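Coordinates from final_10.tsv are shown below (TSV, N, CA and C atoms).
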```tsv
chain	number	residue	atom	x	y	z
V	204	MET	N	-30.18	24.89	-1.07
V	204	MET	CA	-30.98	24.61	0.10
V	204	MET	C	-30.23	23.63	0.98
V	205	LEU	N	-30.20	23.91	2.23
V	205	LEU	CA	-29.44	23.08	3.16
V	205	LEU	C	-30.16	21.80	3.55
V	206	GLN	N	-31.42	21.64	3.22
V	206	GLN	CA	-32.15	20.45	3.65
V	206	GLN	C	-32.09	19.32	2.63
V	207	ARG	N	-31.21	19.39	1.66
V	207	ARG	CA	-31.08	18.34	0.66
V	207	ARG	C	-30.32	17.15	1.24
V	208	ILE	N	-30.51	15.98	0.62
V	208	ILE	CA	-29.90	14.76	1.11
V	208	ILE	C	-28.38	14.78	0.97
V	209	GLN	N	-27.88	15.46	-0.07
V	209	GLN	CA	-26.43	15.49	-0.23
V	209	GLN	C	-25.74	16.28	0.87
V	210	THR	N	-26.47	17.20	1.49
V	210	THR	CA	-25.91	17.93	2.63
V	210	THR	C	-25.63	16.98	3.79
V	211	VAL	N	-26.51	16.02	3.99
V	211	VAL	CA	-26.32	15.04	5.06
V	211	VAL	C	-25.08	14.19	4.77
V	212	TRP	N	-24.90	13.79	3.52
V	212	TRP	CA	-23.74	12.98	3.18
V	212	TRP	C	-22.44	13.77	3.30
V	213	ILE	N	-22.46	15.03	2.90
V	213	ILE	CA	-21.26	15.86	3.03
V	213	ILE	C	-20.96	16.11	4.50
V	214	PHE	N	-22.00	16.32	5.30
V	214	PHE	CA	-21.80	16.51	6.74
V	214	PHE	C	-21.22	15.25	7.38
V	215	LEU	N	-21.62	14.08	6.92
V	215	LEU	CA	-21.05	12.82	7.41
V	215	LEU	C	-19.56	12.75	7.07
V	216	ALA	N	-19.18	13.23	5.90
V	216	ALA	CA	-17.75	13.26	5.53
V	216	ALA	C	-16.98	14.23	6.41
V	217	VAL	N	-17.59	15.37	6.74
V	217	VAL	CA	-16.95	16.33	7.64
V	217	VAL	C	-16.77	15.71	9.02
V	218	LEU	N	-17.78	14.98	9.49
V	218	LEU	CA	-17.66	14.30	10.78
V	218	LEU	C	-16.55	13.25	10.75
V	219	GLY	N	-16.38	12.57	9.61
V	219	GLY	CA	-15.28	11.63	9.48
V	219	GLY	C	-13.93	12.31	9.63
V	220	ALA	N	-13.78	13.50	9.07
V	220	ALA	CA	-12.52	14.24	9.21
V	220	ALA	C	-12.32	14.70	10.65
V	221	VAL	N	-13.40	15.10	11.32
V	221	VAL	CA	-13.29	15.53	12.72
V	221	VAL	C	-12.91	14.34	13.60
V	222	PHE	N	-13.55	13.19	13.39
V	222	PHE	CA	-13.22	12.01	14.19
V	222	PHE	C	-11.80	11.53	13.92
V	223	LEU	N	-11.33	11.68	12.68
V	223	LEU	CA	-9.95	11.33	12.37
V	223	LEU	C	-9.00	12.26	13.11
V	224	PHE	N	-9.34	13.54	13.18
V	224	PHE	CA	-8.51	14.50	13.91
V	224	PHE	C	-8.42	14.11	15.39
V	225	ILE	N	-9.53	13.66	15.94
V	225	ILE	CA	-9.57	13.30	17.36
V	225	ILE	C	-8.79	12.01	17.62
V	226	THR	N	-8.97	11.01	16.77
V	226	THR	CA	-8.36	9.71	17.06
V	226	THR	C	-6.91	9.57	16.60
V	227	ALA	N	-6.48	10.34	15.64
V	227	ALA	CA	-5.15	10.14	15.06
V	227	ALA	C	-4.13	11.12	15.61
V	228	GLN	N	-4.18	11.40	16.87
V	228	GLN	CA	-3.20	12.32	17.44
V	228	GLN	C	-1.82	11.68	17.60
V	229	ASP	N	-1.75	10.35	17.55
V	229	ASP	CA	-0.46	9.68	17.67
V	229	ASP	C	0.19	9.40	16.32
V	230	PHE	N	-0.41	9.88	15.26
V	230	PHE	CA	0.12	9.71	13.90
V	230	PHE	C	1.40	10.51	13.76
V	231	SER	N	2.49	9.84	13.43
V	231	SER	CA	3.77	10.55	13.29
V	231	SER	C	4.54	10.00	12.10
V	232	LEU	N	4.16	10.42	10.93
V	232	LEU	CA	4.88	10.01	9.73
V	232	LEU	C	6.09	10.91	9.53
V	233	PHE	N	5.89	12.20	9.76
V	233	PHE	CA	6.99	13.16	9.68
V	233	PHE	C	7.19	13.72	11.08
V	234	GLU	N	8.39	13.68	11.57
V	234	GLU	CA	8.67	14.12	12.93
V	234	GLU	C	8.52	15.63	13.07
V	235	GLY	N	7.88	16.06	14.14
V	235	GLY	CA	7.80	17.47	14.45
V	235	GLY	C	6.66	18.24	13.82
V	236	THR	N	5.89	17.62	12.95
V	236	THR	CA	4.78	18.33	12.33
V	236	THR	C	3.47	17.63	12.66
V	237	SER	N	2.43	18.40	12.76
V	237	SER	CA	1.10	17.81	12.96
V	237	SER	C	0.43	17.73	11.60
V	238	PHE	N	0.94	16.83	10.78
V	238	PHE	CA	0.51	16.65	9.40
V	238	PHE	C	-0.97	16.29	9.33
V	239	ILE	N	-1.40	15.42	10.23
V	239	ILE	CA	-2.79	14.96	10.21
V	239	ILE	C	-3.74	16.09	10.58
V	240	SER	N	-3.32	16.99	11.45
V	240	SER	CA	-4.18	18.11	11.85
V	240	SER	C	-4.41	19.07	10.69
V	241	ILE	N	-3.38	19.31	9.91
V	241	ILE	CA	-3.50	20.21	8.76
V	241	ILE	C	-4.42	19.60	7.71
V	242	ILE	N	-4.25	18.31	7.43
V	242	ILE	CA	-5.09	17.66	6.43
V	242	ILE	C	-6.55	17.62	6.89
V	243	CYS	N	-6.78	17.33	8.17
V	243	CYS	CA	-8.15	17.31	8.68
V	243	CYS	C	-8.79	18.69	8.63
V	244	ALA	N	-8.02	19.73	8.91
V	244	ALA	CA	-8.56	21.09	8.82
V	244	ALA	C	-8.92	21.44	7.39
V	245	VAL	N	-8.09	21.03	6.43
V	245	VAL	CA	-8.39	21.28	5.02
V	245	VAL	C	-9.66	20.52	4.60
V	246	LEU	N	-9.80	19.28	5.07
V	246	LEU	CA	-10.98	18.49	4.73
V	246	LEU	C	-12.26	19.08	5.32
V	247	VAL	N	-12.18	19.56	6.56
V	247	VAL	CA	-13.35	20.19	7.19
V	247	VAL	C	-13.70	21.48	6.47
V	248	LEU	N	-12.71	22.28	6.13
V	248	LEU	CA	-12.96	23.52	5.41
V	248	LEU	C	-13.56	23.25	4.03
V	249	CYS	N	-13.03	22.26	3.33
V	249	CYS	CA	-13.55	21.91	2.01
V	249	CYS	C	-14.99	21.40	2.11
V	250	GLY	N	-15.27	20.62	3.13
V	250	GLY	CA	-16.62	20.12	3.31
V	250	GLY	C	-17.62	21.21	3.66
V	251	LEU	N	-17.23	22.12	4.52
V	251	LEU	CA	-18.13	23.21	4.88
V	251	LEU	C	-18.36	24.16	3.71
V	252	LEU	N	-17.31	24.41	2.92
V	252	LEU	CA	-17.48	25.22	1.72
V	252	LEU	C	-18.44	24.53	0.74
V	253	SER	N	-18.33	23.23	0.66
V	253	SER	CA	-19.21	22.49	-0.23
V	253	SER	C	-20.66	22.52	0.26
V	254	ILE	N	-20.86	22.43	1.55
V	254	ILE	CA	-22.22	22.49	2.10
V	254	ILE	C	-22.86	23.84	1.82
V	255	PHE	N	-22.11	24.91	2.02
V	255	PHE	CA	-22.68	26.24	1.88
V	255	PHE	C	-22.60	26.81	0.46
V	256	SER	N	-22.11	26.04	-0.48
V	256	SER	CA	-22.17	26.48	-1.88
V	256	SER	C	-23.22	25.67	-2.61
V	257	TYR	N	-24.39	25.57	-2.00
V	257	TYR	CA	-25.47	24.75	-2.55
V	257	TYR	C	-26.08	25.36	-3.81
V	258	LYS	N	-25.86	26.64	-4.07
V	258	LYS	CA	-26.40	27.25	-5.28
V	258	LYS	C	-25.55	26.94	-6.50
V	259	ASN	N	-24.31	26.61	-6.29
V	259	ASN	CA	-23.39	26.31	-7.39
V	259	ASN	C	-23.03	24.82	-7.33
V	260	ARG	N	-23.77	24.00	-8.05
V	260	ARG	CA	-23.61	22.56	-7.98
V	260	ARG	C	-22.28	22.10	-8.58
V	261	LYS	N	-21.77	22.80	-9.58
V	261	LYS	CA	-20.48	22.42	-10.17
V	261	LYS	C	-19.35	22.63	-9.16
V	262	ARG	N	-19.41	23.70	-8.40
V	262	ARG	CA	-18.41	23.94	-7.36
V	262	ARG	C	-18.51	22.87	-6.28
V	263	GLN	N	-19.73	22.47	-5.95
V	263	GLN	CA	-19.92	21.42	-4.95
V	263	GLN	C	-19.28	20.12	-5.41
V	264	ILE	N	-19.51	19.76	-6.66
V	264	ILE	CA	-18.92	18.53	-7.18
V	264	ILE	C	-17.40	18.63	-7.20
V	265	LEU	N	-16.87	19.78	-7.58
V	265	LEU	CA	-15.41	19.97	-7.60
V	265	LEU	C	-14.82	19.85	-6.20
V	266	LEU	N	-15.43	20.51	-5.23
V	266	LEU	CA	-14.93	20.44	-3.85
V	266	LEU	C	-15.02	19.03	-3.29
V	267	ASN	N	-16.09	18.32	-3.62
V	267	ASN	CA	-16.22	16.94	-3.16
V	267	ASN	C	-15.19	16.04	-3.82
V	268	THR	N	-14.89	16.27	-5.09
V	268	THR	CA	-13.88	15.47	-5.78
V	268	THR	C	-12.49	15.74	-5.20
V	269	ILE	N	-12.21	16.98	-4.88
V	269	ILE	CA	-10.93	17.30	-4.23
V	269	ILE	C	-10.85	16.61	-2.87
V	270	SER	N	-11.94	16.63	-2.13
V	270	SER	CA	-11.95	15.97	-0.83
V	270	SER	C	-11.79	14.46	-0.96
V	271	ILE	N	-12.39	13.87	-1.99
V	271	ILE	CA	-12.22	12.43	-2.21
V	271	ILE	C	-10.75	12.12	-2.49
V	272	PHE	N	-10.11	12.95	-3.31
V	272	PHE	CA	-8.70	12.74	-3.62
V	272	PHE	C	-7.82	12.87	-2.38
V	273	ILE	N	-8.06	13.88	-1.56
V	273	ILE	CA	-7.29	14.07	-0.33
V	273	ILE	C	-7.52	12.91	0.63
V	274	ASN	N	-8.77	12.46	0.75
V	274	ASN	CA	-9.07	11.33	1.62
V	274	ASN	C	-8.40	10.05	1.13
V	275	ALA	N	-8.33	9.85	-0.19
V	275	ALA	CA	-7.66	8.67	-0.72
V	275	ALA	C	-6.16	8.70	-0.41
V	276	LEU	N	-5.55	9.86	-0.56
V	276	LEU	CA	-4.13	9.99	-0.20
V	276	LEU	C	-3.93	9.76	1.30
V	277	LEU	N	-4.83	10.29	2.09
V	277	LEU	CA	-4.76	10.12	3.54
V	277	LEU	C	-4.94	8.66	3.92
V	278	LEU	N	-5.83	7.96	3.24
V	278	LEU	CA	-6.03	6.54	3.50
V	278	LEU	C	-4.76	5.75	3.20
V	279	GLY	N	-4.10	6.09	2.11
V	279	GLY	CA	-2.84	5.44	1.79
V	279	GLY	C	-1.76	5.73	2.82
V	280	LEU	N	-1.66	6.99	3.27
V	280	LEU	CA	-0.67	7.34	4.30
V	280	LEU	C	-0.94	6.61	5.60
V	281	LEU	N	-2.20	6.53	5.99
V	281	LEU	CA	-2.54	5.84	7.24
V	281	LEU	C	-2.26	4.34	7.14
V	282	ALA	N	-2.54	3.75	5.99
V	282	ALA	CA	-2.24	2.32	5.81
V	282	ALA	C	-0.73	2.08	5.85
V	283	TYR	N	0.04	2.97	5.21
V	283	TYR	CA	1.50	2.85	5.27
V	283	TYR	C	2.00	3.00	6.70
V	284	TRP	N	1.42	3.93	7.43
V	284	TRP	CA	1.83	4.14	8.82
V	284	TRP	C	1.52	2.92	9.67
V	285	LEU	N	0.33	2.33	9.47
V	285	LEU	CA	-0.03	1.15	10.26
V	285	LEU	C	0.84	-0.04	9.90
V	286	LEU	N	1.21	-0.18	8.63
V	286	LEU	CA	2.06	-1.30	8.23
V	286	LEU	C	3.50	-1.12	8.69
V	287	SER	N	3.93	0.11	8.89
V	287	SER	CA	5.31	0.35	9.29
V	287	SER	C	5.50	0.26	10.81
V	288	LEU	N	4.40	0.18	11.56
V	288	LEU	CA	4.53	0.01	13.00
V	288	LEU	C	5.04	-1.39	13.31
V	289	SER	N	5.73	-1.53	14.42
V	289	SER	CA	6.28	-2.83	14.76
V	289	SER	C	5.17	-3.78	15.19
V	290	GLY	N	5.37	-5.05	14.90
V	290	GLY	CA	4.43	-6.06	15.33
V	290	GLY	C	3.36	-6.40	14.32
V	291	GLY	N	3.47	-5.96	13.08
V	291	GLY	CA	2.45	-6.27	12.08
V	291	GLY	C	1.24	-5.38	12.23
V	292	ILE	N	0.16	-5.76	11.59
V	292	ILE	CA	-1.04	-4.93	11.61
V	292	ILE	C	-2.16	-5.69	12.34
V	293	HIS	N	-2.56	-5.14	13.44
V	293	HIS	CA	-3.69	-5.66	14.20
V	293	HIS	C	-4.55	-4.46	14.56
V	294	PHE	N	-5.71	-4.34	13.90
V	294	PHE	CA	-6.51	-3.13	14.04
V	294	PHE	C	-6.98	-2.86	15.47
V	295	PRO	N	-7.40	-3.87	16.26
V	295	PRO	CA	-7.81	-3.52	17.62
V	295	PRO	C	-6.67	-2.96	18.46
V	296	GLU	N	-5.44	-3.37	18.17
V	296	GLU	CA	-4.32	-2.88	18.95
V	296	GLU	C	-3.80	-1.53	18.46
V	297	LYS	N	-3.93	-1.27	17.16
V	297	LYS	CA	-3.28	-0.09	16.59
V	297	LYS	C	-4.21	1.02	16.18
V	298	GLY	N	-5.48	0.81	16.16
V	298	GLY	CA	-6.38	1.90	15.86
V	298	GLY	C	-7.27	1.67	14.66
V	299	ILE	N	-8.23	2.56	14.55
V	299	ILE	CA	-9.21	2.46	13.47
V	299	ILE	C	-9.14	3.68	12.56
V	300	GLU	N	-8.01	4.33	12.54
V	300	GLU	CA	-7.88	5.57	11.78
V	300	GLU	C	-8.22	5.45	10.30
V	301	PRO	N	-7.86	4.36	9.60
V	301	PRO	CA	-8.19	4.30	8.16
V	301	PRO	C	-9.68	4.16	7.86
V	302	ILE	N	-10.47	3.85	8.85
V	302	ILE	CA	-11.92	3.71	8.62
V	302	ILE	C	-12.55	5.07	8.32
V	303	PHE	N	-12.10	6.13	8.96
V	303	PHE	CA	-12.72	7.44	8.80
V	303	PHE	C	-12.54	8.03	7.40
V	304	PRO	N	-11.35	7.97	6.78
V	304	PRO	CA	-11.26	8.43	5.39
V	304	PRO	C	-12.07	7.57	4.43
V	305	LEU	N	-12.18	6.27	4.71
V	305	LEU	CA	-12.97	5.40	3.86
V	305	LEU	C	-14.45	5.77	3.93
V	306	ILE	N	-14.95	6.05	5.12
V	306	ILE	CA	-16.34	6.50	5.28
V	306	ILE	C	-16.54	7.83	4.57
V	307	SER	N	-15.57	8.71	4.66
V	307	SER	CA	-15.67	10.01	3.99
V	307	SER	C	-15.69	9.86	2.48
V	308	ILE	N	-14.87	8.98	1.94
V	308	ILE	CA	-14.84	8.77	0.49
V	308	ILE	C	-16.19	8.24	0.01
V	309	ILE	N	-16.74	7.28	0.71
V	309	ILE	CA	-18.02	6.70	0.30
V	309	ILE	C	-19.13	7.73	0.39
V	310	SER	N	-19.16	8.49	1.48
V	310	SER	CA	-20.24	9.47	1.64
V	310	SER	C	-20.11	10.62	0.63
V	311	LEU	N	-18.91	11.04	0.31
V	311	LEU	CA	-18.74	12.09	-0.70
V	311	LEU	C	-19.11	11.60	-2.09
V	312	PHE	N	-18.82	10.34	-2.37
V	312	PHE	CA	-19.22	9.77	-3.66
V	312	PHE	C	-20.75	9.74	-3.78
V	313	ILE	N	-21.42	9.33	-2.72
V	313	ILE	CA	-22.89	9.31	-2.73
V	313	ILE	C	-23.44	10.72	-2.84
V	314	ALA	N	-22.81	11.69	-2.17
V	314	ALA	CA	-23.25	13.08	-2.27
V	314	ALA	C	-23.11	13.58	-3.71
V	315	ASN	N	-22.02	13.22	-4.38
V	315	ASN	CA	-21.85	13.62	-5.78
V	315	ASN	C	-22.92	13.01	-6.67
V	316	VAL	N	-23.32	11.79	-6.38
V	316	VAL	CA	-24.39	11.16	-7.16
V	316	VAL	C	-25.69	11.96	-7.01
V	317	PHE	N	-26.02	12.36	-5.79
V	317	PHE	CA	-27.24	13.11	-5.57
V	317	PHE	C	-27.17	14.53	-6.14
V	318	ILE	N	-25.98	15.14	-6.11
V	318	ILE	CA	-25.82	16.47	-6.70
V	318	ILE	C	-26.02	16.40	-8.21
V	319	ARG	N	-25.45	15.39	-8.85
V	319	ARG	CA	-25.65	15.23	-10.30
V	319	ARG	C	-27.12	14.95	-10.63
V	320	LYS	N	-27.78	14.21	-9.76
V	320	LYS	CA	-29.21	13.94	-9.96
V	320	LYS	C	-30.02	15.23	-9.88
V	321	ASP	N	-29.70	16.10	-8.92
V	321	ASP	CA	-30.36	17.40	-8.82
V	321	ASP	C	-30.07	18.26	-10.05
V	322	ASP	N	-28.84	18.21	-10.51
V	322	ASP	CA	-28.46	18.99	-11.68
V	322	ASP	C	-29.24	18.55	-12.91
V	323	ARG	N	-29.38	17.24	-13.11
V	323	ARG	CA	-30.19	16.75	-14.22
V	323	ARG	C	-31.65	17.16	-14.09
V	324	LEU	N	-32.18	17.16	-12.86
V	324	LEU	CA	-33.56	17.56	-12.65
V	324	LEU	C	-33.77	19.03	-12.99
V	325	VAL	N	-32.85	19.89	-12.57
V	325	VAL	CA	-32.95	21.33	-12.86
V	325	VAL	C	-32.85	21.57	-14.35
V	326	LYS	N	-31.94	20.87	-15.02
V	326	LYS	CA	-31.80	21.05	-16.47
V	326	LYS	C	-33.03	20.57	-17.22
V	327	SER	N	-33.66	19.51	-16.75
V	327	SER	CA	-34.86	19.02	-17.43
V	327	SER	C	-36.04	19.96	-17.23
V	328	VAL	N	-36.13	20.60	-16.07
V	328	VAL	CA	-37.19	21.56	-15.83
V	328	VAL	C	-36.97	22.81	-16.67
V	329	ASP	N	-35.71	23.22	-16.84
V	329	ASP	CA	-35.41	24.38	-17.67
V	329	ASP	C	-35.76	24.13	-19.13
V	330	ARG	N	-35.65	22.90	-19.58
V	330	ARG	CA	-36.01	22.59	-20.97
V	330	ARG	C	-37.50	22.68	-21.20
V	331	LEU	N	-38.28	22.45	-20.16
V	331	LEU	CA	-39.74	22.48	-20.31
V	331	LEU	C	-40.29	23.89	-20.41
V	332	ARG	N	-39.55	24.86	-19.95
V	332	ARG	CA	-40.04	26.25	-19.95
V	332	ARG	C	-40.05	26.83	-21.30
```
Could you render the structure from this file as structure tokens?
Amino acid sequence: MLQRIQTVWIFLAVLGAVFLFITAQDFSLFEGTSFISIICAVLVLCGLLSIFSYKNRKRQILLNTISIFINALLLGLLAYWLLSLSGGIHFPEKGIEPIFPLISIISLFIANVFIRKDDRLVKSVDRLR
């Protein structure tokens, strides 16, 4: 069902990937490639697959865990990129790009908590039958 609370959290993670795509257009770790665009597209696709696989809770947890891992790697890459820029690290001057993967990681973790809670509820109801 799409009206569950974990859908809202997963959608918030998808919005974090979209906002990262919009704000991180100047990200250039590897010359000539739009590395950030590919990662953001994978994160959006993974999030939408997770939203629409609401009948299979194990797949949802797996997709969310994969997204958490990708976001953690992306957070590390963005922190490395910000530290390698000249002039030290000053967030108002250089951007807020690492905030979006952090928001996505937190929201996906909370979504996994609610998915596991639903799974326990369904299993307990099945035991009563």
- Message: Can you tell me, as a VMD selection string, which residues in chain V count as alpha helix (DSSP H) by DSSP?
- Response: chain V and resid 208 to 226 238 to 255 260 to 287 294 to 297 302 to 331
- Query: If you count all atoms listed in the file, which residues fall within 8 Å of Ile302 (chain V), apart from same-chain ones fewer than 6 positions away, as a list in words?
  - Reply: Gly219, Leu223, Leu278 and Ile308 of chain V
- Message: List as number ranges by chain the protein and nucleic acid residues near region 251-258 of chain V, meaning an atom at most 10 Å away when only C-alpha atoms are counted, but skip any in the same chain fewer than 6 places from it.
- Response: V: 204-205, 207, 209-214, 216-217, 245, 264-267, 270, 318
- Task: Go through V:Glu300, V:Leu324, V:Ile269, V:Leu311 one by one, measure the shortest atom-to-atom distance of each to Gln228 (chain V) using only C-alpha atoms, and give the residue with the smallest value.
- Result: V:Glu300
- Could you jot down the atom C of Gly279 (chain V) to atom N of Pro304 (chain V) separation for me, Å, one decimal place? 10.6 Å
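The coordinates place atom N of Lys320 (chain V) at 22.6 Å from CA of Leu246 (chain V).
Between Pro301 (chain V) and the candidates V:Leu281, V:Ser287, V:Thr268, V:Phe317, the tightest atom-to-atom separation, counting only N, CA and C atoms, involves V:Leu281.
Relative to CA of Ile271 (chain V), CA of Ile309 (chain V) is found at 8.5 Å.
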- Task: Extract, using only N, CA and C atoms, all DNA, RNA and protein residues at most 8 Å from Ala227 (chain V), discarding same-chain residues fewer than 5 positions from it, and format them as a ChimeraX atom specification.
- Result: /V:221-222,239-240,299-300
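Taking only C-alpha atoms into account, Gly250 (chain V) lies nearest to V:Gln263 out of the set V:Gln206, V:Asn315, V:Gln263, V:Thr226.
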- Message: Just checking: using only C-alpha atoms, which residue out of V:Asn259, V:Phe303, V:Leu276, V:Ile242 ends up closest to Leu218 (chain V)?
- Response: V:Phe303
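Among V:Ala244, V:Cys249, V:Leu305, V:Ser237, the residue with the shortest atom-to-atom distance to Ala282 (chain V), counting only C-alpha atoms, is V:Leu305.
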Where atoms are absent from region 276-285 of chain V, fill them in so it carries all heavy atoms, then output it as a short mmCIF file (atom, residue, chain, number, x, y, z; two decimals), in the coordinates of the input.
```cif
data_model
loop_
_atom_site.label_atom_id
_atom_site.label_comp_id
_atom_site.auth_asym_id
_atom_site.auth_seq_id
_atom_site.Cartn_x
_atom_site.Cartn_y
_atom_site.Cartn_z
N LEU V 276 -5.55 9.86 -0.56
CA LEU V 276 -4.13 9.99 -0.20
C LEU V 276 -3.93 9.76 1.30
O LEU V 276 -2.97 9.10 1.72
CB LEU V 276 -3.60 11.37 -0.59
CG LEU V 276 -3.44 11.63 -2.08
CD1 LEU V 276 -3.01 13.07 -2.32
CD2 LEU V 276 -2.43 10.68 -2.67
N LEU V 277 -4.83 10.29 2.09
CA LEU V 277 -4.76 10.12 3.54
C LEU V 277 -4.94 8.66 3.92
O LEU V 277 -4.27 8.16 4.84
CB LEU V 277 -5.81 10.99 4.21
CG LEU V 277 -5.78 11.10 5.72
CD1 LEU V 277 -4.45 11.67 6.17
CD2 LEU V 277 -6.90 11.99 6.19
N LEU V 278 -5.83 7.96 3.24
CA LEU V 278 -6.03 6.54 3.50
C LEU V 278 -4.76 5.75 3.20
O LEU V 278 -4.37 4.87 3.98
CB LEU V 278 -7.20 6.03 2.65
CG LEU V 278 -7.63 4.59 2.84
CD1 LEU V 278 -8.17 4.37 4.24
CD2 LEU V 278 -8.66 4.23 1.81
N GLY V 279 -4.10 6.09 2.11
CA GLY V 279 -2.84 5.44 1.79
C GLY V 279 -1.76 5.73 2.82
O GLY V 279 -1.00 4.84 3.21
N LEU V 280 -1.66 6.99 3.27
CA LEU V 280 -0.67 7.34 4.30
C LEU V 280 -0.94 6.61 5.60
O LEU V 280 -0.02 6.14 6.27
CB LEU V 280 -0.67 8.85 4.53
CG LEU V 280 0.06 9.70 3.52
CD1 LEU V 280 -0.13 11.18 3.83
CD2 LEU V 280 1.54 9.36 3.52
N LEU V 281 -2.20 6.53 5.99
CA LEU V 281 -2.54 5.84 7.24
C LEU V 281 -2.26 4.34 7.14
O LEU V 281 -1.79 3.73 8.11
CB LEU V 281 -4.00 6.09 7.61
CG LEU V 281 -4.31 7.49 8.13
CD1 LEU V 281 -5.81 7.69 8.24
CD2 LEU V 281 -3.65 7.74 9.46
N ALA V 282 -2.54 3.75 5.99
CA ALA V 282 -2.24 2.32 5.81
C ALA V 282 -0.73 2.08 5.85
O ALA V 282 -0.27 1.13 6.47
CB ALA V 282 -2.83 1.83 4.49
N TYR V 283 0.04 2.97 5.21
CA TYR V 283 1.50 2.85 5.27
C TYR V 283 2.00 3.00 6.70
O TYR V 283 2.87 2.25 7.15
CB TYR V 283 2.14 3.91 4.38
CG TYR V 283 3.64 3.98 4.52
CD1 TYR V 283 4.45 3.01 3.96
CD2 TYR V 283 4.24 5.01 5.25
CE1 TYR V 283 5.82 3.05 4.10
CE2 TYR V 283 5.61 5.07 5.38
CZ TYR V 283 6.40 4.09 4.81
OH TYR V 283 7.75 4.14 4.96
N TRP V 284 1.42 3.93 7.43
CA TRP V 284 1.83 4.14 8.82
C TRP V 284 1.52 2.92 9.67
O TRP V 284 2.34 2.50 10.49
CB TRP V 284 1.14 5.39 9.37
CG TRP V 284 1.40 5.65 10.81
CD1 TRP V 284 2.59 5.98 11.39
CD2 TRP V 284 0.45 5.62 11.87
NE1 TRP V 284 2.44 6.16 12.74
CE2 TRP V 284 1.12 5.95 13.05
CE3 TRP V 284 -0.91 5.35 11.92
CZ2 TRP V 284 0.48 5.99 14.27
CZ3 TRP V 284 -1.55 5.42 13.14
CH2 TRP V 284 -0.85 5.72 14.30
N LEU V 285 0.33 2.33 9.47
CA LEU V 285 -0.03 1.15 10.26
C LEU V 285 0.84 -0.04 9.90
O LEU V 285 1.19 -0.85 10.77
CB LEU V 285 -1.50 0.80 10.05
CG LEU V 285 -2.50 1.67 10.79
CD1 LEU V 285 -3.91 1.28 10.42
CD2 LEU V 285 -2.30 1.56 12.29
#
```
